[in-house]
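The block underneath contains the structure these notes are about, expressed in structure tokens.
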Amino acid sequence: MTAISLGMPSVPTKLAERRKSRQIQVGTVAVGGDAPVSVQSMTTTRTSDIGATLQQIAELTASGCQIVRVACPTQDDADALATIARKSQIPVIADIHFQPKYVFAAIDAGCAAVRVNPGNIKQFDDKVKEIARAANDAGTPIRIGVNAGSLDARLLKKYGKATPEALVESALWEASLFEEHGFRDIKISVKHNDPVVMVNAYRLLAAQCDYPLHLGVTEAGPAFQGTIKSAVAFGALLAEGIGDTIRVSLSAPPVEEIKVGNSILESLNLKPRRLEIVSCPSCGRAQVDVYKLAEEVTAGLDGMEVPLRVAVMGCVVNGPGEAREADLGVASGNGKGQIFVKGEVIKTVPESKIVETLIEEAMKIAEQMEKDGVMSGEPQVSIAG
């Protein structure tokens with residue numbers, strides 16, 4: 001009799017080929033080309049408060065942020081850039097609006113890149129030659145960041161509002177000015193608060209240039225709304241191979257932006273997965289408290305670095321199948337739980353012992369995976385019920 005494998009089913013590793021873009025170097029992080037999609041955030045502290053800003057950057061770094069942007073609206077902020085750029089563990093991008101002199105200050109301070117918003121920098125076009133020369137000499141990339149809320153008045157008059165075409169025309173016009181001076185160390189963003197407009201803008205932009213693209217839904221909103229908007233927009237574009245670095249914009253602490261951004265990339269297999277909780281929404285068939293079980297398992301395995309999938313299910317319809325398809329699982333019902341390892345039942349425990357048993361078995365698997373050098377890739381743990 002032929003043996004049937006009950007391990008993890010094979011799945012496509014990606015949804016589409018990556019768009020071919022040029023690659024730039026933002027400090028230690030490559031953006032574009034065949035480099036992994038990176039995750040960014042922005043500090044909420046006053047940049048002039050060096051201690052607070054570095055503390056927040058450290059928190060972001062610990063949460064998985066790879067590039068951080070800091071605002072530079074004043075001379076005091078500009079004066080702080082050199083220290084922040086030098087002491088930050090991840091590349092620092094200076095965010096410049098209104099005053100072109102701060103672009104030069106950021107380059108001189110050694111920032112890994114500079115973001116400029118052409119729509120609201122006074123006489124920006126007149127300064128492009130000087131900026132291009134300074135950036136080129138220092139090896140500093142420039143992000144041309146076009147926002148719907150600060151689109152050039154000339155384009156608003158031409159299109160009537162911030163349409164995808166208007167956003168793209170603004171970005172490519174500014175890029176062309178840099179190109180006239182031989183500068184192409186550029187990445188581009190065309191952000192809008194409407195995911196549909198944003199997606200269409202990036203599709204247009206991707207078809208018209210080979211610059212790496214920074215994805216963002218600007219002013220996405222509070223945590224829940226902003227997460228949904230960002231996931232929908234980023235998912236649509238990344239599934240088409242469009243996007244080289246992302247920033248989830250939430251009215252929430254910056255660390256939350258990183259959590260969402262990394263989760264989006266992990267969901268699309270664009271970033272190695274670690275712990276993943278798969279749980280059902282519960283229903284009338286459930287014979288266990290799914291919500292409580294999922295929360296307790298999540299808390300017990302928090303911080304685990306190896307790729308483990310934990311699927312918490314609440315009934316006998318899908319539970320056994322889900323448990324068998326993972327390296328570790330539990331099928332619950334009638335006050336007890338069957339614990340599966342590699343598709344085989346290894347023990348049956350009372351419902352009160354399910355969580356501690358799962359955590360104990362997960363730790364055993366994690367220890368073995370660490371010995372085997374398996375620290376990233378497809379998640380391997382599941383809990384079902």
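Residues are named by chain letter and number: chains run A, B, ... in the order of the structure tokens, numbers start at 1 in each chain, and ligands are numbered from 1 in the order shown.
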Write out as an NGL selection string each polymer residue whose atoms come within 12 Å of Ile50 (chain A), counting only C-alpha atoms; drop sequence neighbours fewer than 2 positions from it. :A and (43 or 45-48 or 52-57 or 70 or 76-88)
Can you check which residues of region 178-335 of chain A DSSP gives as strand (DSSP E) on the backbone and send them as a PyMOL selection string? chain A and resi 186-191+214-215+245-247+276-279+309-312+328-333
Pull the helix (DSSP H, G or I) assignments for region 34-266 of chain A out of DSSP run on the backbone, and list those residues as a ChimeraX atom specification. /A:50-63,75-87,101-108,118-120,124-138,148-150,153-159,164-179,195-208,223-238,254-266
Next, write the just-selected residues to a file, as a CSV table (one decimal), in the first residue's frame, keeping C-alpha atoms as the atom set.
```
chain,number,residue,atom,x,y,z
A,50,ILE,CA,17.8,63.2,19.9
A,51,GLY,CA,17.4,60.9,22.9
A,52,ALA,CA,13.7,60.3,22.4
A,53,THR,CA,14.2,59.9,18.6
A,54,LEU,CA,17.0,57.3,19.1
A,55,GLN,CA,14.9,55.5,21.7
A,56,GLN,CA,12.0,55.2,19.3
A,57,ILE,CA,14.3,54.1,16.5
A,58,ALA,CA,15.6,51.4,18.8
A,59,GLU,CA,12.1,50.2,19.5
A,60,LEU,CA,11.3,50.2,15.8
A,61,THR,CA,14.5,48.3,15.0
A,62,ALA,CA,13.6,45.6,17.6
A,63,SER,CA,10.2,45.2,16.0
A,75,GLN,CA,16.9,74.0,11.8
A,76,ASP,CA,17.1,72.4,15.2
A,77,ASP,CA,15.9,69.1,13.6
A,78,ALA,CA,18.5,69.5,10.9
A,79,ASP,CA,21.2,70.0,13.5
A,80,ALA,CA,20.2,66.7,15.1
A,81,LEU,CA,20.4,64.6,12.0
A,82,ALA,CA,24.2,63.9,12.0
A,83,THR,CA,24.0,62.4,15.5
A,84,ILE,CA,20.9,60.4,14.8
A,85,ALA,CA,22.2,59.0,11.5
A,86,ARG,CA,25.4,58.0,13.2
A,87,LYS,CA,23.9,56.3,16.2
A,101,LYS,CA,18.1,74.1,2.4
A,102,TYR,CA,17.3,71.1,4.7
A,103,VAL,CA,17.9,68.7,1.8
A,104,PHE,CA,21.5,69.9,1.7
A,105,ALA,CA,21.7,69.7,5.5
A,106,ALA,CA,20.5,66.1,5.5
A,107,ILE,CA,23.0,65.1,2.8
A,108,ASP,CA,25.8,66.8,4.8
A,118,PRO,CA,8.2,68.5,-4.8
A,119,GLY,CA,4.6,69.7,-4.4
A,120,ASN,CA,5.4,71.8,-1.3
A,124,PHE,CA,12.2,73.1,-5.8
A,125,ASP,CA,12.7,72.7,-9.6
A,126,ASP,CA,15.3,75.6,-9.5
A,127,LYS,CA,17.3,73.6,-6.9
A,128,VAL,CA,17.4,70.3,-8.6
A,129,LYS,CA,20.8,70.8,-10.2
A,130,GLU,CA,22.4,71.7,-6.9
A,131,ILE,CA,20.6,68.8,-5.1
A,132,ALA,CA,21.6,66.3,-7.7
A,133,ARG,CA,25.2,67.4,-7.5
A,134,ALA,CA,25.3,67.2,-3.7
A,135,ALA,CA,23.5,63.9,-3.6
A,136,ASN,CA,25.7,62.4,-6.3
A,137,ASP,CA,28.9,63.5,-4.6
A,138,ALA,CA,27.7,62.0,-1.2
A,148,ALA,CA,-2.3,63.7,-3.1
A,149,GLY,CA,-2.7,66.2,-0.3
A,150,SER,CA,0.2,68.3,-1.5
A,153,ALA,CA,-1.1,73.5,-8.0
A,154,ARG,CA,-0.4,73.3,-11.8
A,155,LEU,CA,-1.3,69.7,-11.9
A,156,LEU,CA,-4.4,70.2,-9.8
A,157,LYS,CA,-5.6,72.8,-12.2
A,158,LYS,CA,-4.8,70.5,-15.2
A,159,TYR,CA,-6.6,67.4,-13.8
A,164,PRO,CA,-3.6,58.7,-10.7
A,165,GLU,CA,-2.4,60.4,-13.9
A,166,ALA,CA,-1.7,63.6,-12.0
A,167,LEU,CA,0.3,61.8,-9.3
A,168,VAL,CA,2.4,60.0,-11.9
A,169,GLU,CA,3.0,63.0,-14.1
A,170,SER,CA,4.3,64.9,-11.0
A,171,ALA,CA,6.7,62.1,-10.1
A,172,LEU,CA,8.0,61.5,-13.5
A,173,TRP,CA,8.4,65.2,-14.2
A,174,GLU,CA,10.6,65.6,-11.1
A,175,ALA,CA,12.5,62.5,-11.9
A,176,SER,CA,13.2,63.9,-15.4
A,177,LEU,CA,14.7,67.0,-13.9
A,178,PHE,CA,17.2,64.9,-11.9
A,179,GLU,CA,17.9,62.8,-15.0
A,195,PRO,CA,-6.5,52.5,-2.1
A,196,VAL,CA,-8.1,52.3,-5.5
A,197,VAL,CA,-6.6,55.6,-6.7
A,198,MET,CA,-3.3,54.6,-5.1
A,199,VAL,CA,-3.2,51.2,-6.8
A,200,ASN,CA,-4.0,52.7,-10.2
A,201,ALA,CA,-1.3,55.3,-9.7
A,202,TYR,CA,1.4,52.8,-9.0
A,203,ARG,CA,0.3,50.6,-11.9
A,204,LEU,CA,0.7,53.5,-14.2
A,205,LEU,CA,4.0,54.5,-12.7
A,206,ALA,CA,5.4,50.9,-12.8
A,207,ALA,CA,4.6,50.8,-16.5
A,208,GLN,CA,6.5,54.0,-17.3
A,223,ALA,CA,-5.2,51.1,13.3
A,224,PHE,CA,-8.1,48.9,12.0
A,225,GLN,CA,-9.1,51.0,9.1
A,226,GLY,CA,-5.5,51.8,8.1
A,227,THR,CA,-4.5,48.1,8.3
A,228,ILE,CA,-7.3,47.1,6.0
A,229,LYS,CA,-6.6,49.9,3.5
A,230,SER,CA,-2.9,49.1,3.5
A,231,ALA,CA,-3.3,45.3,3.3
A,232,VAL,CA,-5.7,45.6,0.3
A,233,ALA,CA,-3.6,48.1,-1.6
A,234,PHE,CA,-0.2,46.5,-0.9
A,235,GLY,CA,-1.6,43.1,-1.5
A,236,ALA,CA,-3.0,44.0,-4.9
A,237,LEU,CA,0.3,45.6,-6.0
A,238,LEU,CA,2.8,43.2,-4.5
A,254,PRO,CA,5.0,53.3,14.8
A,255,VAL,CA,5.8,49.8,16.1
A,256,GLU,CA,2.2,48.9,15.0
A,257,GLU,CA,3.0,50.0,11.5
A,258,ILE,CA,6.0,47.5,11.4
A,259,LYS,CA,3.9,44.7,12.7
A,260,VAL,CA,1.3,45.2,10.0
A,261,GLY,CA,3.9,45.7,7.3
A,262,ASN,CA,5.8,42.5,8.2
A,263,SER,CA,2.6,40.5,8.4
A,264,ILE,CA,1.5,41.7,4.9
A,265,LEU,CA,4.9,40.6,3.5
A,266,GLU,CA,4.8,37.2,5.4
```
Option closest in space to Val31 (chain A), from A:Val217, A:Val116, A:Ile186, A:Ala16 [counting only C-alpha atoms]: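 Once distances to Val31 (chain A) are computed over only C-alpha atoms, the minimum belongs to A:Ile186.
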